[in-house]
$ cat run_10.pdb   # PDB, C-alpha atoms and all ligand atoms
ATOM      1  CA  MET A   1     147.054 163.988   6.567
ATOM      2  CA  SER A   2     143.493 165.116   5.873
ATOM      3  CA  ALA A   3     142.841 168.714   4.921
ATOM      4  CA  SER A   4     139.840 170.618   3.647
ATOM      5  CA  ILE A   5     140.802 172.047   0.281
ATOM      6  CA  LEU A   6     138.952 174.654  -1.733
ATOM      7  CA  VAL A   7     139.379 174.167  -5.479
ATOM      8  CA  VAL A   8     138.772 177.346  -7.511
ATOM      9  CA  GLU A   9     138.662 176.314 -11.149
ATOM     10  CA  ASP A  10     136.230 177.154 -13.957
ATOM     11  CA  GLU A  11     137.032 174.209 -16.219
ATOM     12  CA  PRO A  12     134.869 171.275 -15.061
ATOM     13  CA  ALA A  13     137.154 168.624 -16.558
ATOM     14  CA  ILE A  14     140.168 169.830 -14.570
ATOM     15  CA  SER A  15     138.193 170.534 -11.439
ATOM     16  CA  GLU A  16     136.628 167.030 -11.419
ATOM     17  CA  LEU A  17     140.007 165.407 -11.896
ATOM     18  CA  VAL A  18     141.583 167.446  -9.107
ATOM     19  CA  VAL A  19     138.702 166.724  -6.714
ATOM     20  CA  LEU A  20     138.836 162.988  -7.426
ATOM     21  CA  ASN A  21     142.531 163.015  -6.774
ATOM     22  CA  LEU A  22     142.154 164.969  -3.517
ATOM     23  CA  LEU A  23     139.429 162.651  -2.239
ATOM     24  CA  GLN A  24     141.599 159.626  -3.001
ATOM     25  CA  ALA A  25     144.399 161.224  -0.998
ATOM     26  CA  GLY A  26     142.013 161.502   1.977
ATOM     27  CA  HIS A  27     141.227 165.223   1.776
ATOM     28  CA  ARG A  28     137.854 166.931   1.889
ATOM     29  CA  THR A  29     136.970 169.321  -0.917
ATOM     30  CA  MET A  30     134.897 172.357  -1.744
ATOM     31  CA  VAL A  31     134.600 173.585  -5.311
ATOM     32  CA  ALA A  32     134.033 177.076  -6.695
ATOM     33  CA  VAL A  33     133.833 177.923 -10.398
ATOM     34  CA  SER A  34     134.727 181.578  -9.834
ATOM     35  CA  ALA A  35     136.622 183.772  -7.374
ATOM     36  CA  GLU A  36     133.336 185.399  -6.376
ATOM     37  CA  GLN A  37     131.853 182.027  -5.449
ATOM     38  CA  ALA A  38     135.027 181.099  -3.582
ATOM     39  CA  LEU A  39     134.854 184.301  -1.492
ATOM     40  CA  SER A  40     131.258 183.583  -0.633
ATOM     41  CA  LEU A  41     132.092 179.992   0.420
ATOM     42  CA  MET A  42     134.930 181.309   2.575
ATOM     43  CA  ARG A  43     132.587 183.604   4.447
ATOM     44  CA  GLU A  44     130.985 180.410   5.788
ATOM     45  CA  THR A  45     133.942 178.081   6.190
ATOM     46  CA  LEU A  46     137.687 178.573   6.044
ATOM     47  CA  PRO A  47     139.489 175.816   4.129
ATOM     48  CA  ASP A  48     142.950 174.580   5.157
ATOM     49  CA  MET A  49     144.241 175.354   1.680
ATOM     50  CA  ILE A  50     143.185 176.815  -1.679
ATOM     51  CA  LEU A  51     144.048 175.423  -5.112
ATOM     52  CA  LEU A  52     143.602 178.431  -7.338
ATOM     53  CA  ASP A  53     143.316 178.525 -11.111
ATOM     54  CA  TRP A  54     144.889 181.705 -12.403
ATOM     55  CA  MET A  55     142.640 182.270 -15.424
ATOM     56  CA  LEU A  56     139.109 182.717 -14.143
ATOM     57  CA  PRO A  57     136.071 184.456 -15.589
ATOM     58  CA  GLY A  58     135.194 187.622 -13.638
ATOM     59  CA  MET A  59     137.618 188.312 -10.807
ATOM     60  CA  SER A  60     141.085 186.993 -11.686
ATOM     61  CA  GLY A  61     143.117 184.583  -9.605
ATOM     62  CA  VAL A  62     145.577 187.400  -8.822
ATOM     63  CA  GLU A  63     142.874 189.678  -7.482
ATOM     64  CA  PHE A  64     141.362 186.831  -5.457
ATOM     65  CA  ALA A  65     144.737 185.940  -3.910
ATOM     66  CA  ARG A  66     145.326 189.610  -3.112
ATOM     67  CA  ARG A  67     142.029 189.826  -1.232
ATOM     68  CA  ILE A  68     142.701 186.627   0.700
ATOM     69  CA  LYS A  69     146.104 187.900   1.781
ATOM     70  CA  ALA A  70     144.767 191.365   2.695
ATOM     71  CA  ASP A  71     142.118 190.021   5.087
ATOM     72  CA  ALA A  72     143.318 189.109   8.585
ATOM     73  CA  ARG A  73     140.745 186.331   8.822
ATOM     74  CA  THR A  74     141.860 184.556   5.636
ATOM     75  CA  ARG A  75     145.518 185.624   5.371
ATOM     76  CA  ALA A  76     146.952 182.406   6.817
ATOM     77  CA  VAL A  77     145.210 180.066   4.364
ATOM     78  CA  PRO A  78     147.911 178.754   2.023
ATOM     79  CA  ILE A  79     147.368 179.066  -1.731
ATOM     80  CA  ILE A  80     148.762 176.851  -4.478
ATOM     81  CA  MET A  81     148.100 178.326  -7.892
ATOM     82  CA  LEU A  82     147.427 176.335 -10.997
ATOM     83  CA  THR A  83     149.014 177.927 -14.051
ATOM     84  CA  ALA A  84     149.281 177.028 -17.712
ATOM     85  CA  ARG A  85     152.593 175.850 -19.076
ATOM     86  CA  GLY A  86     155.062 178.551 -19.951
ATOM     87  CA  GLU A  87     153.318 181.460 -18.253
ATOM     88  CA  GLU A  88     156.388 182.543 -16.321
ATOM     89  CA  GLN A  89     155.028 185.992 -15.578
ATOM     90  CA  ASP A  90     151.956 184.429 -13.917
ATOM     91  CA  LYS A  91     154.149 182.450 -11.550
ATOM     92  CA  ILE A  92     156.151 185.506 -10.569
ATOM     93  CA  THR A  93     153.022 187.623 -10.073
ATOM     94  CA  GLY A  94     151.414 184.796  -8.121
ATOM     95  CA  LEU A  95     154.294 184.346  -5.721
ATOM     96  CA  ASP A  96     154.533 188.145  -5.302
ATOM     97  CA  THR A  97     150.858 188.243  -4.438
ATOM     98  CA  GLY A  98     151.399 185.743  -1.640
ATOM     99  CA  ALA A  99     150.740 182.357  -3.234
ATOM    100  CA  ASP A 100     152.799 179.661  -1.469
ATOM    101  CA  ASP A 101     153.548 177.531  -4.477
ATOM    102  CA  TYR A 102     152.443 176.919  -8.026
ATOM    103  CA  ILE A 103     151.872 173.902 -10.169
ATOM    104  CA  THR A 104     151.864 173.852 -13.955
ATOM    105  CA  LYS A 105     149.037 172.227 -15.895
ATOM    106  CA  PRO A 106     148.902 169.438 -16.868
ATOM    107  CA  PHE A 107     150.159 167.857 -13.640
ATOM    108  CA  SER A 108     150.190 164.308 -12.354
ATOM    109  CA  PRO A 109     148.246 163.314  -9.231
ATOM    110  CA  ARG A 110     151.519 162.413  -7.590
ATOM    111  CA  GLU A 111     152.992 165.861  -8.215
ATOM    112  CA  LEU A 112     149.858 167.577  -6.930
ATOM    113  CA  ASN A 113     149.823 165.488  -3.747
ATOM    114  CA  ALA A 114     153.496 166.115  -3.104
ATOM    115  CA  ARG A 115     153.049 169.893  -3.454
ATOM    116  CA  ILE A 116     150.018 169.895  -1.172
ATOM    117  CA  LYS A 117     151.843 167.891   1.475
ATOM    118  CA  ALA A 118     154.882 170.159   1.362
ATOM    119  CA  VAL A 119     152.855 173.366   1.639
ATOM    120  CA  LEU A 120     150.707 172.021   4.488
ATOM    121  CA  ARG A 121     153.780 170.900   6.374
ATOM    122  CA  ARG A 122     155.320 174.342   5.997
ATOM    123  CA  ARG A 123     152.266 176.530   6.380
ATOM    124  CA  ALA A 124     149.726 174.473   8.329
ATOM    125  CA  PRO A 125     151.491 172.157  10.793
ATOM    126  CA  MET A 126     148.176 171.749  12.621
ATOM    127  CA  VAL A 127     146.701 170.029   9.570
ATOM    128  CA  ALA A 128     149.893 168.155   8.746
ATOM    129  CA  GLY A 129     149.644 166.392  12.104
ATOM    130  CA  GLU A 130     153.273 166.830  13.134
ATOM    131  CA  VAL A 131     154.485 166.764  16.728
ATOM    132  CA  VAL A 132     154.938 170.270  18.113
ATOM    133  CA  GLU A 133     157.316 171.127  20.941
ATOM    134  CA  SER A 134     158.164 174.314  22.764
ATOM    135  CA  MET A 135     160.187 174.813  25.957
ATOM    136  CA  GLY A 136     159.647 171.201  27.063
ATOM    137  CA  LEU A 137     155.924 171.252  26.286
ATOM    138  CA  ARG A 138     155.203 168.577  23.696
ATOM    139  CA  LEU A 139     151.995 167.796  21.842
ATOM    140  CA  ASP A 140     151.553 164.775  19.592
ATOM    141  CA  PRO A 141     148.404 164.994  17.433
ATOM    142  CA  ALA A 142     148.709 161.359  16.317
ATOM    143  CA  THR A 143     148.488 159.922  19.831
ATOM    144  CA  HIS A 144     146.659 162.919  21.388
ATOM    145  CA  ARG A 145     149.339 163.005  24.081
ATOM    146  CA  VAL A 146     150.634 166.114  25.763
ATOM    147  CA  SER A 147     153.582 166.211  28.099
ATOM    148  CA  GLY A 148     155.488 168.877  29.984
ATOM    149  CA  ASN A 149     159.105 168.103  30.839
ATOM    150  CA  ASP A 150     158.271 164.427  30.177
ATOM    151  CA  GLN A 151     155.330 164.418  32.611
ATOM    152  CA  MET A 152     152.032 163.406  31.050
ATOM    153  CA  ILE A 153     149.437 166.162  30.959
ATOM    154  CA  GLU A 154     145.737 165.304  30.789
ATOM    155  CA  LEU A 155     143.657 167.676  28.674
ATOM    156  CA  GLY A 156     140.002 167.725  27.660
ATOM    157  CA  PRO A 157     139.253 167.639  23.900
ATOM    158  CA  THR A 158     138.629 171.389  23.605
ATOM    159  CA  GLU A 159     141.743 172.317  25.592
ATOM    160  CA  PHE A 160     143.720 169.895  23.424
ATOM    161  CA  ARG A 161     142.521 171.561  20.198
ATOM    162  CA  LEU A 162     143.091 174.978  21.707
ATOM    163  CA  LEU A 163     146.662 174.155  22.725
ATOM    164  CA  HIS A 164     147.299 172.525  19.334
ATOM    165  CA  PHE A 165     146.106 175.657  17.561
ATOM    166  CA  LEU A 166     148.174 177.986  19.738
ATOM    167  CA  MET A 167     151.355 175.877  19.513
ATOM    168  CA  THR A 168     151.133 175.609  15.716
ATOM    169  CA  HIS A 169     150.556 179.377  15.395
ATOM    170  CA  PRO A 170     153.074 180.770  17.867
ATOM    171  CA  GLU A 171     154.377 184.285  18.373
ATOM    172  CA  ARG A 172     151.328 186.090  17.050
ATOM    173  CA  VAL A 173     148.239 187.548  18.588
ATOM    174  CA  HIS A 174     144.932 185.784  17.975
ATOM    175  CA  THR A 175     141.662 187.557  18.608
ATOM    176  CA  ARG A 176     138.926 185.586  20.343
ATOM    177  CA  ALA A 177     137.039 185.467  17.045
ATOM    178  CA  GLN A 178     140.060 183.918  15.304
ATOM    179  CA  VAL A 179     140.453 181.333  18.052
ATOM    180  CA  LEU A 180     136.760 180.469  17.728
ATOM    181  CA  ASP A 181     137.133 180.143  13.955
ATOM    182  CA  HIS A 182     140.001 177.683  14.257
ATOM    183  CA  VAL A 183     139.213 175.723  17.372
ATOM    184  CA  TRP A 184     135.422 175.621  17.405
ATOM    185  CA  GLY A 185     134.842 175.835  13.642
ATOM    186  CA  ASN A 186     133.301 178.692  11.763
ATOM    187  CA  HIS A 187     130.037 180.359  12.563
ATOM    188  CA  VAL A 188     129.298 178.363  15.634
ATOM    189  CA  PHE A 189     127.110 180.100  18.135
ATOM    190  CA  VAL A 190     129.645 180.306  20.876
ATOM    191  CA  GLU A 191     130.324 183.512  22.744
ATOM    192  CA  ASP A 192     133.752 185.103  22.776
ATOM    193  CA  ARG A 193     134.086 184.626  26.519
ATOM    194  CA  THR A 194     133.929 180.839  26.018
ATOM    195  CA  VAL A 195     137.477 181.231  24.732
ATOM    196  CA  ASP A 196     138.484 182.870  28.010
ATOM    197  CA  VAL A 197     136.939 180.021  30.005
ATOM    198  CA  HIS A 198     138.900 177.367  28.097
ATOM    199  CA  ILE A 199     142.113 179.387  28.173
ATOM    200  CA  ARG A 200     141.748 179.581  31.953
ATOM    201  CA  ARG A 201     141.229 175.797  32.206
ATOM    202  CA  LEU A 202     144.185 175.141  29.923
ATOM    203  CA  ARG A 203     146.458 177.409  31.963
ATOM    204  CA  ARG A 204     145.406 175.733  35.197
ATOM    205  CA  VAL A 205     146.437 172.314  33.849
ATOM    206  CA  LEU A 206     149.715 173.653  32.477
ATOM    207  CA  GLU A 207     150.579 175.341  35.787
ATOM    208  CA  ARG A 208     151.819 172.040  37.186
ATOM    209  CA  THR A 209     154.800 172.004  34.829
ATOM    210  CA  GLY A 210     155.130 175.790  34.648
ATOM    211  CA  HIS A 211     154.041 175.963  31.022
ATOM    212  CA  ASP A 212     151.059 178.214  31.700
ATOM    213  CA  VAL A 213     153.349 181.218  31.139
ATOM    214  CA  LEU A 214     153.595 180.300  27.439
ATOM    215  CA  ILE A 215     149.971 181.335  26.969
ATOM    216  CA  GLN A 216     149.882 185.075  27.214
ATOM    217  CA  THR A 217     147.005 187.511  27.347
ATOM    218  CA  VAL A 218     147.469 190.502  25.078
ATOM    219  CA  ARG A 219     145.329 193.210  26.621
ATOM    220  CA  GLY A 220     142.536 194.426  24.394
ATOM    221  CA  SER A 221     143.512 192.018  21.603
ATOM    222  CA  GLY A 222     143.464 188.353  22.513
ATOM    223  CA  TYR A 223     145.962 185.589  23.189
ATOM    224  CA  ARG A 224     149.433 184.620  22.104
ATOM    225  CA  PHE A 225     151.512 181.464  22.494
ATOM    226  CA  SER A 226     155.085 182.574  23.028
ATOM    227  CA  ALA A 227     158.332 180.986  24.154
ATOM    228  CA  HIS A 228     159.535 184.447  25.164
ATOM    229  CA  ALA A 229     158.742 185.758  28.599
ATOM    230  CA  GLU A 230     156.330 188.654  28.806
ATOM    231  CA  SER A 231     158.002 191.989  29.316
TER     232      SER A 231
HETATM  233 CA    CA B   1     140.584 178.697 -16.122
END
$ encode --input "run_10.pdb" --output "structure tokens" --more "lines below"
Ligand code: CA
Amino acid sequence: MSASILVVEDEPAISELVVLNLLQAGHRTMVAVSAEQALSLMRETLPDMILLDWMLPGMSGVEFARRIKADARTRAVPIIMLTARGEEQDKITGLDTGADDYITKPFSPRELNARIKAVLRRRAPMVAGEVVESMGLRLDPATHRVSGNDQMIELGPTEFRLLHFLMTHPERVHTRAQVLDHVWGNHVFVEDRTVDVHIRRLRRVLERTGHDVLIQTVRGSGYRFSAHAES
């Protein structure tokens, strides 16, 4: 499991230790020493997860988490907060604000890795690399194999990533911009209608096993992967 993780922490000693530990576990890291810097980094690139120190100079961890959860573009990024021992109120506030988990300083590398793994599995199955299955359509990220009712389905690399994204984020509407963000990476110079082209190709391939109906167009909004028939 390799994720890109944004570490927001103003104490260099802790931040260096956390980064070292994340790199050893196979993750990629970005570091911000303040919430303001973290927001600016996130305008460029969305991480798969945020490790957030609660006590920051300037904007607090609470306020930062609130902003992340209030913005449709960043809402889905899971947050694990780093709190000092005994600050029960911080944990409660943090979880109320939308943090997914918390970890108390000082923590062991093993504990940190276990928490990260658990949150990614729950909140970011795309990153966790688990097999996804819906209505007989099955996608295995480890082997890059897709099958529909046990028939192999051949997909190009972009269609594969697109289907992986949609299947791991089902039952919600994604705008073209959101799909671009997740499937093509951030700030690439690709036009919105590129998404339509690849959706069309993906549907054509899935037609053979009847799974094209799982990819629905939501007029004026974008696309949705849904196991429920369109009304
Ligand atoms: Ca701090």
$ residues_around --input "run_10.pdb" --residues "range 170-180 of chain A" --least-positions-apart "6" --cutoff "6 Å" --atoms "all atoms listed in the file" --output "PyMOL selection string"
chain A and resi 192+221-226
$ residues_near_point --input "run_10.pdb" --point "(140.4, 173.2, 19.7)" --cutoff "9 Å" --atoms "all atoms listed in the file" --output "list in words"
Pro157, Thr158, Glu159, Phe160, Arg161, Leu162, Leu163, His164, Phe165, Val179, Leu180, His182, Val183, Trp184 and Gly185 of chain A
$ residues_near_ligand --input "run_10.pdb" --ligand "ligand CA 1 (chain B)" --cutoff "6 Å" --atoms "all atoms listed in the file" --output "list in words"
Glu9, Asp10, Glu11, Asp53, Met55 and Leu56 of chain A
$ residues_around --input "run_10.pdb" --residues "range 142-153 of chain A" --least-positions-apart "3" --cutoff "7 Å" --atoms "only C-alpha atoms" --output "MDAnalysis selection string"
chainID A and resid 129 136:139 209
$ resolve_selection --input "run_10.pdb" --expression "the PyMOL selection byres (((chain A and resi 79) around 7) and not hetatm)" --output "list in words"
Met49, Ile50, Leu51, Leu52, Val77, Pro78, Ile80, Met81, Ala99, Asp100 and Asp101 of chain A
